[in-house]
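Visitor: Attaching a single structure in structure tokens format; questions to follow.
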Amino acid sequence: MSTRPLRWGILGTGTIAHTFAQALRETATGRLVSVGSRGREAAVRFAGECGAVRPHGGYAELLADAEVDAVYIATPHPAHAEWAIAAARAGKHVLCEKPLTLNRADSERVVAAARAAGVTLMEAYMYRCHPQTERLAALVRDGAVGRLGLIEASFGFHCDFIPGHRLFANALGGGGILDVGGYPVSLARLLAGAAQGRAFADPVAVTGAACLHPEEGTDLHAAATLRFEDGMLAQVACGVSLELENVVRVHGSEGWILVREPWFAAGGHGVTRIELHRRGRPPESIEVAADRGLYGYEAEAFAAAVRAGRPEVLEMSWSDTLGNMATLDAWRAEAGVLYRGEANARRGPV
Ligand SMILES: NC(=O)c1ccc[n+]([C@@H]2O[C@H](COP(=O)([O-])OP(=O)(O)OC[C@H]3O[C@@H](n4cnc5c(N)ncnc54)[C@H](OP(=O)(O)O)[C@@H]3O)[C@@H](O)[C@H]2O)c1
């Protein structure tokens, strides 16, 4: 087992690439050594901002960098599959931004490539690595609110329409379901699983709808109901042009739980609170302390898996990702969101 810090390369130089580069500075287990951009200029600029980082004018060039152990894929969604597969084949461990791919069929190809190459692969749902999420799952697992009946979860923000922007453009996998809908879906699946003493559970039925952009056909906002085997329901909503409450409520036979900052946990630093309302008792505020940033937790969880020689990261396993993608496929099918070029992707029941 190696104790050397994991040497990271980042593909893409946009918003989340900067956030992750900053997070790596706060971790002891990894350091950024390299960045790849479609254009050399952007790579040089990014490298200059980060200090002592090698710029590559092309993603393939970064994958050929022998001093890179792991890559973080921070491109728009449609490029994830191609570069995650190429990275695995180049022998790099892969932390890929969510959604892992546009659909489950492509995610299966990525997982197969990681398995064949013997590298670690994780879909970067960072909130899964934060202690608040583990505390919430533990409350459900321990029956804090009795038998679960309904989960309500939303993640939506307002962005004015920008032609060609990745949040809206069909060609860039635009729309809320893939950008932020995966958060409430993944949390509902996590808690449905926790209620049964499992890592996650997949819904047996998904119904959904969306408001689509008239030209792009991508979802501006969307909602879905997930039904699980034991009768538990989840109502999830998302949007890229509709600000939502962005909270999680978990209703059980003995009370309910409220999480006010389920996705970003106040940036991950300091203390966040889970509200527990048990029937017949005064409300409780459960404090969860965090000693690093949200993305720092993710980088540490990933590095721990690599160090241990584990291909999967416990917080977001491959089967968990595949189940999440299948649920998003089903939601998109209900809502009529189809990306040009993916007409042959396998669609159907969860
Ligand atoms: N986990 C989180 O909290 C979180 C937050 C935001 C976004 N994300 C995910 O991260 C990914 C990137 O999101 P972002 O907000 O960082 O996007 P962004 O700001 O637009 O940056 C994306 C980068 O990808 C590269 N790229 C490659 N092909 C591209 C294309 N055809 N068009 C535009 N850019 C292209 C560009 O870098 P170069 O030109 O340098 O190659 C660009 O700077 C998405 O999949 C998103 O879901 C995750």
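Following the order of the structure tokens, first chain is A, next is B, and so on, with residues numbered from 1 inside each chain and ligands from 1 in the order they appear.
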Please produce, as a Markdown table, a per-residue contact table for chain A versus ligand 1 (criterion: any atom at most 7 Å away, only C-alpha atoms and all ligand atoms considered), showing the nearest atom pair and its distance in Å to one decimal, sorted by chain then residue number.

Guide:
| residue | atom | partner | partner_atom_place_in_ligand_line | distance |
| --- | --- | --- | --- | --- |
| A:Leu11 | CA | ligand 1 | 41 (O) | 6.6 |
| A:Gly12 | CA | ligand 1 | 37 (O) | 3.6 |
| A:Thr13 | CA | ligand 1 | 40 (O) | 3.9 |
| A:Gly14 | CA | ligand 1 | 43 (O) | 3.3 |
| A:Thr15 | CA | ligand 1 | 16 (O) | 3.8 |
| A:Ile16 | CA | ligand 1 | 16 (O) | 3.8 |
| A:Ala17 | CA | ligand 1 | 16 (O) | 5.8 |
| A:Gly36 | CA | ligand 1 | 40 (O) | 6.7 |
| A:Ser37 | CA | ligand 1 | 41 (O) | 3.6 |
| A:Arg38 | CA | ligand 1 | 41 (O) | 3.9 |
| A:Gly39 | CA | ligand 1 | 39 (O) | 5.9 |
| A:Ala42 | CA | ligand 1 | 40 (O) | 5.5 |
| A:Ala43 | CA | ligand 1 | 40 (O) | 6.1 |
| A:Ala74 | CA | ligand 1 | 11 (C) | 4.6 |
| A:Thr75 | CA | ligand 1 | 24 (O) | 3.3 |
| A:Pro76 | CA | ligand 1 | 45 (O) | 4.2 |
| A:His77 | CA | ligand 1 | 45 (O) | 4.2 |
| A:Ala79 | CA | ligand 1 | 28 (N) | 6.4 |
| A:Glu97 | CA | ligand 1 | 10 (O) | 5.0 |
| A:Lys98 | CA | ligand 1 | 47 (O) | 5.1 |
| A:Pro99 | CA | ligand 1 | 47 (O) | 6.1 |
| A:Ala124 | CA | ligand 1 | 1 (N) | 6.0 |
| A:Tyr125 | CA | ligand 1 | 1 (N) | 5.8 |
| A:Met126 | CA | ligand 1 | 1 (N) | 5.8 |
| A:Arg166 | CA | ligand 1 | 20 (O) | 6.2 |
| A:Leu172 | CA | ligand 1 | 31 (N) | 6.5 |
| A:Asp179 | CA | ligand 1 | 47 (O) | 4.9 |

Visitor: Can you tell me, as a PyMOL selection string, what residues are no more than 8 Å from Thr327 in chain A when counting only C-alpha atoms, ignoring any on the same chain fewer than 3 positions away?

Guide: chain A and resi 185+202-203+206+323-324+330-331+350

Visitor: Please list as a ChimeraX atom specification every residue within 10 Å of Leu338 in chain A, counting only C-alpha atoms and excluding residues in the same chain fewer than 4 positions away.

Guide: /A:102,170,173,216-219,329,332-333,342-343,345

Visitor: Among range 204-259 of chain A, which ones does DSSP assign to strand (DSSP E or B) (computed from the backbone)? Answer as number ranges by chain.

Guide: A: 205-212, 219-227, 233-239, 241, 248-252, 255-259

Visitor: Excluding range 108-121 of chain A and residues on its chain fewer than 4 positions from it, collect all residues at most 10 Å away from it, counting only C-alpha atoms, and give them as number ranges by chain.

Guide: A: 69-71, 80-96, 100-101, 103-104, 302-303, 305-307, 309-313, 316-319, 321-322, 325

Visitor: Could you pull the residues within 10 Å of Val145 in chain A, counting only C-alpha atoms, minus those fewer than 6 positions along the same chain, as a list of chain:residue names?

Guide: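 Selected residues are A:Leu139, A:Val250, A:His251, A:Gly252, A:Ser253, A:Glu254, A:Gly255, A:Trp256, A:Ile257, A:Leu276, A:His277, A:Arg278, A:Arg279.
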
Visitor: Set the distance at 10 Å and use only C-alpha atoms: which residues neighbour Glu287 in chain A once local chain neighbours fewer than 6 positions away are removed? I'd like the list as number ranges by chain.

Guide: A: 132, 135, 270-275

Visitor: Write a file of the just-selected residues containing N, CA and C atoms, as a tab-separated table (two decimals), in the first residue's frame.

Guide:
chain	number	residue	atom	x	y	z
A	132	GLN	N	-22.25	14.78	7.11
A	132	GLN	CA	-23.69	15.03	7.31
A	132	GLN	C	-24.53	13.94	6.64
A	135	ARG	N	-24.41	10.80	8.64
A	135	ARG	CA	-25.22	10.94	9.87
A	135	ARG	C	-26.70	10.77	9.54
A	270	GLY	N	-16.91	23.50	9.16
A	270	GLY	CA	-17.69	23.88	10.33
A	270	GLY	C	-18.83	22.93	10.64
A	271	VAL	N	-19.88	23.51	11.22
A	271	VAL	CA	-20.97	22.68	11.76
A	271	VAL	C	-22.22	22.85	10.92
A	272	THR	N	-22.87	21.72	10.58
A	272	THR	CA	-24.20	21.78	9.96
A	272	THR	C	-25.17	21.07	10.90
A	273	ARG	N	-26.45	21.30	10.65
A	273	ARG	CA	-27.45	20.76	11.59
A	273	ARG	C	-28.53	19.97	10.86
A	274	ILE	N	-28.88	18.85	11.48
A	274	ILE	CA	-30.01	18.05	11.01
A	274	ILE	C	-31.10	18.20	12.06
A	275	GLU	N	-32.30	18.55	11.63
A	275	GLU	CA	-33.41	18.72	12.58
A	275	GLU	C	-34.20	17.42	12.67

Visitor: Using DSSP assignments from the backbone, pull out every residue in range 176-313 of chain A that falls under helix (DSSP H, G or I) and give it to me as a tab-separated table (two decimals) with C-alpha atoms, in the first residue's frame.

Guide:
chain	number	residue	atom	x	y	z
A	176	GLY	CA	-31.80	19.90	-14.76
A	177	ILE	CA	-32.34	16.15	-14.51
A	178	LEU	CA	-28.75	15.32	-15.40
A	179	ASP	CA	-27.20	18.41	-13.86
A	180	VAL	CA	-28.86	18.42	-10.44
A	181	GLY	CA	-31.73	15.89	-10.50
A	182	GLY	CA	-29.22	13.15	-9.74
A	183	TYR	CA	-28.70	14.58	-6.24
A	184	PRO	CA	-32.24	14.13	-4.89
A	185	VAL	CA	-32.54	10.80	-6.72
A	186	SER	CA	-29.28	9.49	-5.26
A	187	LEU	CA	-30.20	10.64	-1.75
A	188	ALA	CA	-33.66	9.05	-1.96
A	189	ARG	CA	-32.05	5.79	-3.10
A	190	LEU	CA	-29.45	6.01	-0.32
A	191	LEU	CA	-32.11	6.50	2.37
A	192	ALA	CA	-34.46	3.89	0.92
A	193	GLY	CA	-31.53	1.49	1.18
A	194	ALA	CA	-30.58	2.62	4.70
A	195	ALA	CA	-34.15	1.91	5.83
A	265	ALA	CA	-23.39	21.36	3.84
A	266	ALA	CA	-22.34	25.00	4.29
A	267	GLY	CA	-19.35	24.36	2.03
A	268	GLY	CA	-18.33	21.45	4.18
A	294	LEU	CA	-16.83	19.32	0.79
A	295	TYR	CA	-14.59	18.43	-2.14
A	296	GLY	CA	-11.71	17.70	0.22
A	297	TYR	CA	-13.78	14.88	1.74
A	298	GLU	CA	-14.36	13.52	-1.75
A	299	ALA	CA	-10.67	13.67	-2.71
A	300	GLU	CA	-9.74	11.95	0.57
A	301	ALA	CA	-12.31	9.17	0.11
A	302	PHE	CA	-11.05	8.56	-3.41
A	303	ALA	CA	-7.37	8.54	-2.35
A	304	ALA	CA	-8.17	6.10	0.47
A	305	ALA	CA	-9.71	3.67	-2.03
A	306	VAL	CA	-6.69	3.96	-4.35
A	307	ARG	CA	-4.27	3.43	-1.44

Visitor: In terms of the shortest atom-to-atom distance over only C-alpha atoms, which of A:Ala60, A:Leu314, A:Leu258, A:Ile10 is closest to Pro283 in chain A?

Guide: A:Leu258
